[in-house]
>>> print(open('work17.cif').read())   # mmCIF, C-alpha atoms
data_target
loop_
_atom_site.label_atom_id
_atom_site.label_comp_id
_atom_site.auth_asym_id
_atom_site.auth_seq_id
_atom_site.Cartn_x
_atom_site.Cartn_y
_atom_site.Cartn_z
CA MET A 1 -11.84 -79.15 19.48
CA ARG A 2 -11.53 -75.36 19.54
CA SER A 3 -8.47 -73.53 18.34
CA PRO A 4 -6.33 -71.58 20.88
CA ILE A 5 -7.48 -68.30 19.29
CA THR A 6 -11.16 -69.18 19.76
CA VAL A 7 -10.54 -70.12 23.40
CA ALA A 8 -8.69 -66.84 24.00
CA LEU A 9 -11.51 -64.82 22.42
CA LEU A 10 -14.12 -66.63 24.51
CA ALA A 11 -12.09 -65.96 27.66
CA LEU A 12 -11.78 -62.27 26.81
CA SER A 13 -15.47 -61.89 26.01
CA ALA A 14 -16.42 -63.60 29.29
CA CYS A 15 -14.35 -61.02 31.23
CA TRP A 16 -15.79 -57.93 29.53
CA HIS A 17 -19.05 -56.38 30.69
CA ALA A 18 -20.90 -53.31 29.46
CA THR A 19 -19.87 -51.56 32.69
CA ASP A 20 -16.20 -52.08 31.70
CA ALA A 21 -16.61 -49.66 28.80
CA PRO A 22 -14.18 -46.71 28.79
CA PRO A 23 -15.34 -43.34 30.14
CA ASP A 24 -16.88 -40.75 27.88
CA PRO A 25 -14.58 -39.91 24.97
CA PRO A 26 -11.87 -38.81 24.86
CA ALA A 27 -10.62 -41.57 27.13
CA PRO A 28 -6.98 -41.75 28.24
CA ILE A 29 -4.63 -44.03 26.35
CA ALA A 30 -1.98 -46.12 28.07
CA ARG A 31 1.39 -45.77 26.38
CA GLN A 32 4.31 -47.66 27.92
CA GLY A 33 2.54 -47.80 31.27
CA ARG A 34 1.81 -44.08 31.34
CA ARG A 35 -1.40 -42.26 30.56
CA VAL A 36 -1.19 -39.42 28.07
CA PRO A 37 -3.73 -36.72 27.29
CA THR A 38 -6.01 -37.30 24.33
CA GLY A 39 -8.12 -34.19 24.71
CA PRO A 40 -7.89 -30.46 25.26
CA LEU A 41 -5.82 -29.07 28.09
CA ALA A 42 -5.88 -25.35 28.92
CA LEU A 43 -2.53 -23.97 30.11
CA GLU A 44 -2.03 -20.67 31.90
CA VAL A 45 1.20 -18.95 32.97
CA LEU A 46 1.06 -17.74 36.57
CA VAL A 47 3.24 -14.79 37.62
CA SER A 48 2.85 -13.13 41.02
CA THR A 49 3.44 -9.69 39.46
CA PRO A 50 4.08 -8.58 35.87
CA HIS A 51 6.17 -5.55 36.93
CA ILE A 52 9.39 -6.45 38.76
CA ALA A 53 12.37 -4.59 40.19
CA MET A 54 15.76 -6.33 39.85
CA ALA A 55 16.30 -6.01 43.62
CA THR A 56 13.12 -7.96 44.46
CA ARG A 57 12.95 -10.50 41.63
CA GLU A 58 13.88 -13.44 43.91
CA ARG A 59 10.43 -13.09 45.52
CA VAL A 60 8.57 -13.40 42.21
CA GLU A 61 6.58 -16.62 41.91
CA VAL A 62 6.19 -18.19 38.47
CA GLY A 63 4.20 -21.29 37.65
CA LEU A 64 1.35 -22.84 35.74
CA ARG A 65 -2.31 -23.76 35.90
CA ALA A 66 -3.62 -26.64 33.81
CA THR A 67 -7.30 -27.33 33.29
CA ASN A 68 -8.75 -30.58 31.93
CA LEU A 69 -11.32 -29.57 29.31
CA THR A 70 -12.47 -33.15 28.65
CA HIS A 71 -15.14 -35.38 30.19
CA ALA A 72 -12.62 -37.91 31.49
CA PRO A 73 -9.67 -37.84 33.88
CA PHE A 74 -6.16 -38.25 32.51
CA ASP A 75 -2.49 -37.69 33.30
CA PRO A 76 -1.76 -34.32 31.66
CA GLY A 77 1.99 -35.00 31.64
CA LEU A 78 2.79 -31.74 33.44
CA HIS A 79 6.29 -32.97 34.31
CA SER A 80 7.06 -32.42 30.61
CA CYS A 81 5.72 -28.86 30.48
CA GLU A 82 8.10 -26.21 29.14
CA LEU A 83 8.19 -22.51 29.88
CA LEU A 84 9.48 -20.45 26.98
CA VAL A 85 11.16 -17.26 28.16
CA ASN A 86 11.53 -14.92 25.18
CA GLY A 87 11.17 -17.97 22.95
CA GLU A 88 13.79 -20.12 24.71
CA PRO A 89 12.94 -23.13 26.94
CA SER A 90 13.84 -22.53 30.59
CA VAL A 91 15.93 -25.29 32.18
CA ASP A 92 15.15 -23.86 35.64
CA PHE A 93 11.40 -24.07 35.09
CA ARG A 94 11.74 -27.60 33.71
CA ALA A 95 13.58 -28.60 36.91
CA ALA A 96 10.84 -26.98 39.01
CA VAL A 97 8.02 -28.95 37.34
CA GLY A 98 10.05 -32.15 37.33
CA ASN A 99 10.97 -32.14 41.02
CA GLY A 100 9.28 -31.68 44.37
CA SER A 101 5.97 -32.79 45.78
CA PHE A 102 2.77 -32.14 43.89
CA GLU A 103 -0.95 -32.60 44.40
CA PRO A 104 -2.40 -35.94 43.19
CA GLU A 105 -4.15 -34.02 40.38
CA TRP A 106 -0.69 -33.28 38.93
CA THR A 107 -0.63 -36.83 37.53
CA TRP A 108 -4.36 -37.63 37.36
CA LEU A 109 -6.46 -34.56 36.54
CA PRO A 110 -10.23 -35.07 36.91
CA ALA A 111 -12.57 -33.89 34.16
CA GLY A 112 -13.20 -30.15 34.31
CA GLN A 113 -10.72 -29.62 37.16
CA SER A 114 -7.55 -27.53 37.41
CA VAL A 115 -4.21 -27.97 39.13
CA ALA A 116 -1.63 -25.26 39.73
CA MET A 117 1.88 -24.77 41.07
CA THR A 118 4.19 -21.80 41.57
CA ARG A 119 7.82 -21.56 42.61
CA PRO A 120 10.07 -18.58 43.46
CA LEU A 121 11.89 -18.47 40.12
CA GLY A 122 12.15 -14.73 39.45
CA ASP A 123 15.91 -14.49 40.00
CA LEU A 124 16.51 -17.53 37.76
CA LEU A 125 14.22 -16.52 34.89
CA PHE A 126 14.81 -12.75 34.79
CA ASP A 127 18.57 -12.20 34.78
CA HIS A 128 18.60 -8.63 33.44
CA PRO A 129 16.28 -5.61 33.17
CA GLY A 130 13.92 -5.49 30.23
CA PRO A 131 10.78 -7.06 28.79
CA TYR A 132 10.11 -10.79 28.94
CA THR A 133 7.48 -12.91 27.20
CA LEU A 134 6.45 -16.14 28.92
CA VAL A 135 4.59 -18.99 27.18
CA LEU A 136 3.89 -22.51 28.44
CA ARG A 137 4.09 -25.41 26.02
CA LEU A 138 3.07 -29.03 26.53
CA GLY A 139 2.95 -31.15 23.41
CA SER A 140 0.67 -29.32 20.97
CA ALA A 141 -0.96 -27.24 23.72
CA SER A 142 0.33 -23.80 24.62
CA SER A 143 -0.73 -20.89 26.80
CA ASN A 144 -1.35 -17.29 25.91
CA ALA A 145 1.76 -15.13 26.18
CA VAL A 146 2.29 -13.22 29.43
CA GLN A 147 4.36 -10.04 29.40
CA VAL A 148 6.68 -9.26 32.32
CA ARG A 149 8.77 -6.11 32.72
CA VAL A 150 11.92 -6.02 34.89
CA ASP A 151 13.19 -2.58 35.93
CA PRO A 152 16.78 -1.86 36.99
#
>>> encode(input="work17.cif", output="structure tokens")
Amino acid sequence: MRSPITVALLALSACWHATDAPPDPPAPIARQGRRVPTGPLALEVLVSTPHIAMATRERVEVGLRATNLTHAPFDPGLHSCELLVNGEPSVDFRAAVGNGSFEPEWTWLPAGQSVAMTRPLGDLLFDHPGPYTLVLRLGSASSNAVQVRVDP
């Protein structure tokens, strides 16, 4: 008579085939039902113009582009992306990436592909004249800083 552990192992080995192997490393990991990135993700701040007048700032689009630098698709977790405005996280940007409709790639980004979004956030992010530094942050990944100047 076989033990319950032996029977379970035999059942598992009968279900697994070489074609069931995970994709090329780094493969996504399931954590509490959600896939999280295990590999490099390139982030880029998108701004429709780096030189803004206070009177027209409501038309300024701000957003992000994320590129999967791995050989496997994964959920990049973009709903958790933060925009730092002069070093402070923007609540308005967080609401913009956490709400609305997005392309399917927003939650399952194919290998080597990019996904982008912009929203008219100029009047919310730039509340006074002066220089602004924008940086995206997602986990340990961050973008290069983008400089924006708002004139009176």
>>> atom_distance(input="work17.cif", atom1="atom CA of A:Ala145", atom2="atom CA of A:Leu41")
16.0 Å
>>> closest_residue(input="work17.cif", among="A:Val85, A:Leu124, A:Leu109, A:Val135", to="A:Val45", atoms="all atoms listed in the file")
A:Val135
>>> atom_distance(input="work17.cif", atom1="atom CA of A:Asp151", atom2="atom CA of A:Gly122")
12.7 Å
>>> resolve_selection(input="work17.cif", expression="the PyMOL selection byres ((chain A and resi 87-98) around 8)", output="ChimeraX atom specification")
/A:78-86,99-100,119,121,124-125,133-135
>>> closest_residue(input="work17.cif", among="A:Val47, A:Ala111, A:Leu64, A:Ala72", to="A:Tyr132", atoms="only C-alpha atoms")
A:Val47
>>> resolve_selection(input="work17.cif", expression="the PyMOL selection byres ((chain A and resi 63) around 6)", output="PyMOL selection string")
chain A and resi 46+62+64+117-118
>>> resolve_selection(input="work17.cif", expression="the PyMOL selection byres ((chain A and resi 42) around 12)", output="PDB file with C-alpha atoms, in the frame of the given file")
ATOM      1  CA  PRO A  37      -3.730 -36.720  27.290  1.00  0.00           C
ATOM      2  CA  GLY A  39      -8.120 -34.190  24.710  1.00  0.00           C
ATOM      3  CA  PRO A  40      -7.890 -30.460  25.260  1.00  0.00           C
ATOM      4  CA  LEU A  41      -5.820 -29.070  28.090  1.00  0.00           C
ATOM      5  CA  LEU A  43      -2.530 -23.970  30.110  1.00  0.00           C
ATOM      6  CA  GLU A  44      -2.030 -20.670  31.900  1.00  0.00           C
ATOM      7  CA  VAL A  45       1.200 -18.950  32.970  1.00  0.00           C
ATOM      8  CA  LEU A  64       1.350 -22.840  35.740  1.00  0.00           C
ATOM      9  CA  ARG A  65      -2.310 -23.760  35.900  1.00  0.00           C
ATOM     10  CA  ALA A  66      -3.620 -26.640  33.810  1.00  0.00           C
ATOM     11  CA  THR A  67      -7.300 -27.330  33.290  1.00  0.00           C
ATOM     12  CA  ASN A  68      -8.750 -30.580  31.930  1.00  0.00           C
ATOM     13  CA  LEU A  69     -11.320 -29.570  29.310  1.00  0.00           C
ATOM     14  CA  THR A  70     -12.470 -33.150  28.650  1.00  0.00           C
ATOM     15  CA  PRO A  76      -1.760 -34.320  31.660  1.00  0.00           C
ATOM     16  CA  LEU A  78       2.790 -31.740  33.440  1.00  0.00           C
ATOM     17  CA  LEU A 109      -6.460 -34.560  36.540  1.00  0.00           C
ATOM     18  CA  GLY A 112     -13.200 -30.150  34.310  1.00  0.00           C
ATOM     19  CA  GLN A 113     -10.720 -29.620  37.160  1.00  0.00           C
ATOM     20  CA  SER A 114      -7.550 -27.530  37.410  1.00  0.00           C
ATOM     21  CA  VAL A 115      -4.210 -27.970  39.130  1.00  0.00           C
ATOM     22  CA  ALA A 116      -1.630 -25.260  39.730  1.00  0.00           C
ATOM     23  CA  LEU A 136       3.890 -22.510  28.440  1.00  0.00           C
ATOM     24  CA  ARG A 137       4.090 -25.410  26.020  1.00  0.00           C
ATOM     25  CA  LEU A 138       3.070 -29.030  26.530  1.00  0.00           C
ATOM     26  CA  GLY A 139       2.950 -31.150  23.410  1.00  0.00           C
ATOM     27  CA  SER A 140       0.670 -29.320  20.970  1.00  0.00           C
ATOM     28  CA  ALA A 141      -0.960 -27.240  23.720  1.00  0.00           C
ATOM     29  CA  SER A 142       0.330 -23.800  24.620  1.00  0.00           C
ATOM     30  CA  SER A 143      -0.730 -20.890  26.800  1.00  0.00           C
ATOM     31  CA  ASN A 144      -1.350 -17.290  25.910  1.00  0.00           C
TER      32      ASN A 144
END
>>> atom_distance(input="work17.cif", atom1="atom CA of A:Ala53", atom2="atom CA of A:Arg149")
8.4 Å
>>> closest_residue(input="work17.cif", among="A:Trp106, A:Gly77, A:Pro131, A:Val148", to="A:Val60", atoms="only C-alpha atoms")
A:Val148
>>> closest_residue(input="work17.cif", among="A:Pro104, A:Glu58, A:Gly130, A:Pro110", to="A:His71", atoms="only C-alpha atoms")
A:Pro110
>>> closest_residue(input="work17.cif", among="A:Phe74, A:Phe126, A:Phe102, A:Trp108", to="A:Arg59", atoms="only C-alpha atoms")
A:Phe126
>>> residues_around(input="work17.cif", residues="A:Met54", least_positions_apart="5", cutoff="8 Å", atoms="only C-alpha atoms", output="list in words")
His128, Pro129, Val150, Asp151 and Pro152 of chain A
>>> write_last_selection(input="work17.cif", atoms="C-alpha atoms", output="compact mmCIF listing (two decimals), in the frame of the given file")
# COMPACT_ATOMS: atom_id res chain seq x y z
CA HIS A 128 18.60 -8.63 33.44
CA PRO A 129 16.28 -5.61 33.17
CA VAL A 150 11.92 -6.02 34.89
CA ASP A 151 13.19 -2.58 35.93
CA PRO A 152 16.78 -1.86 36.99
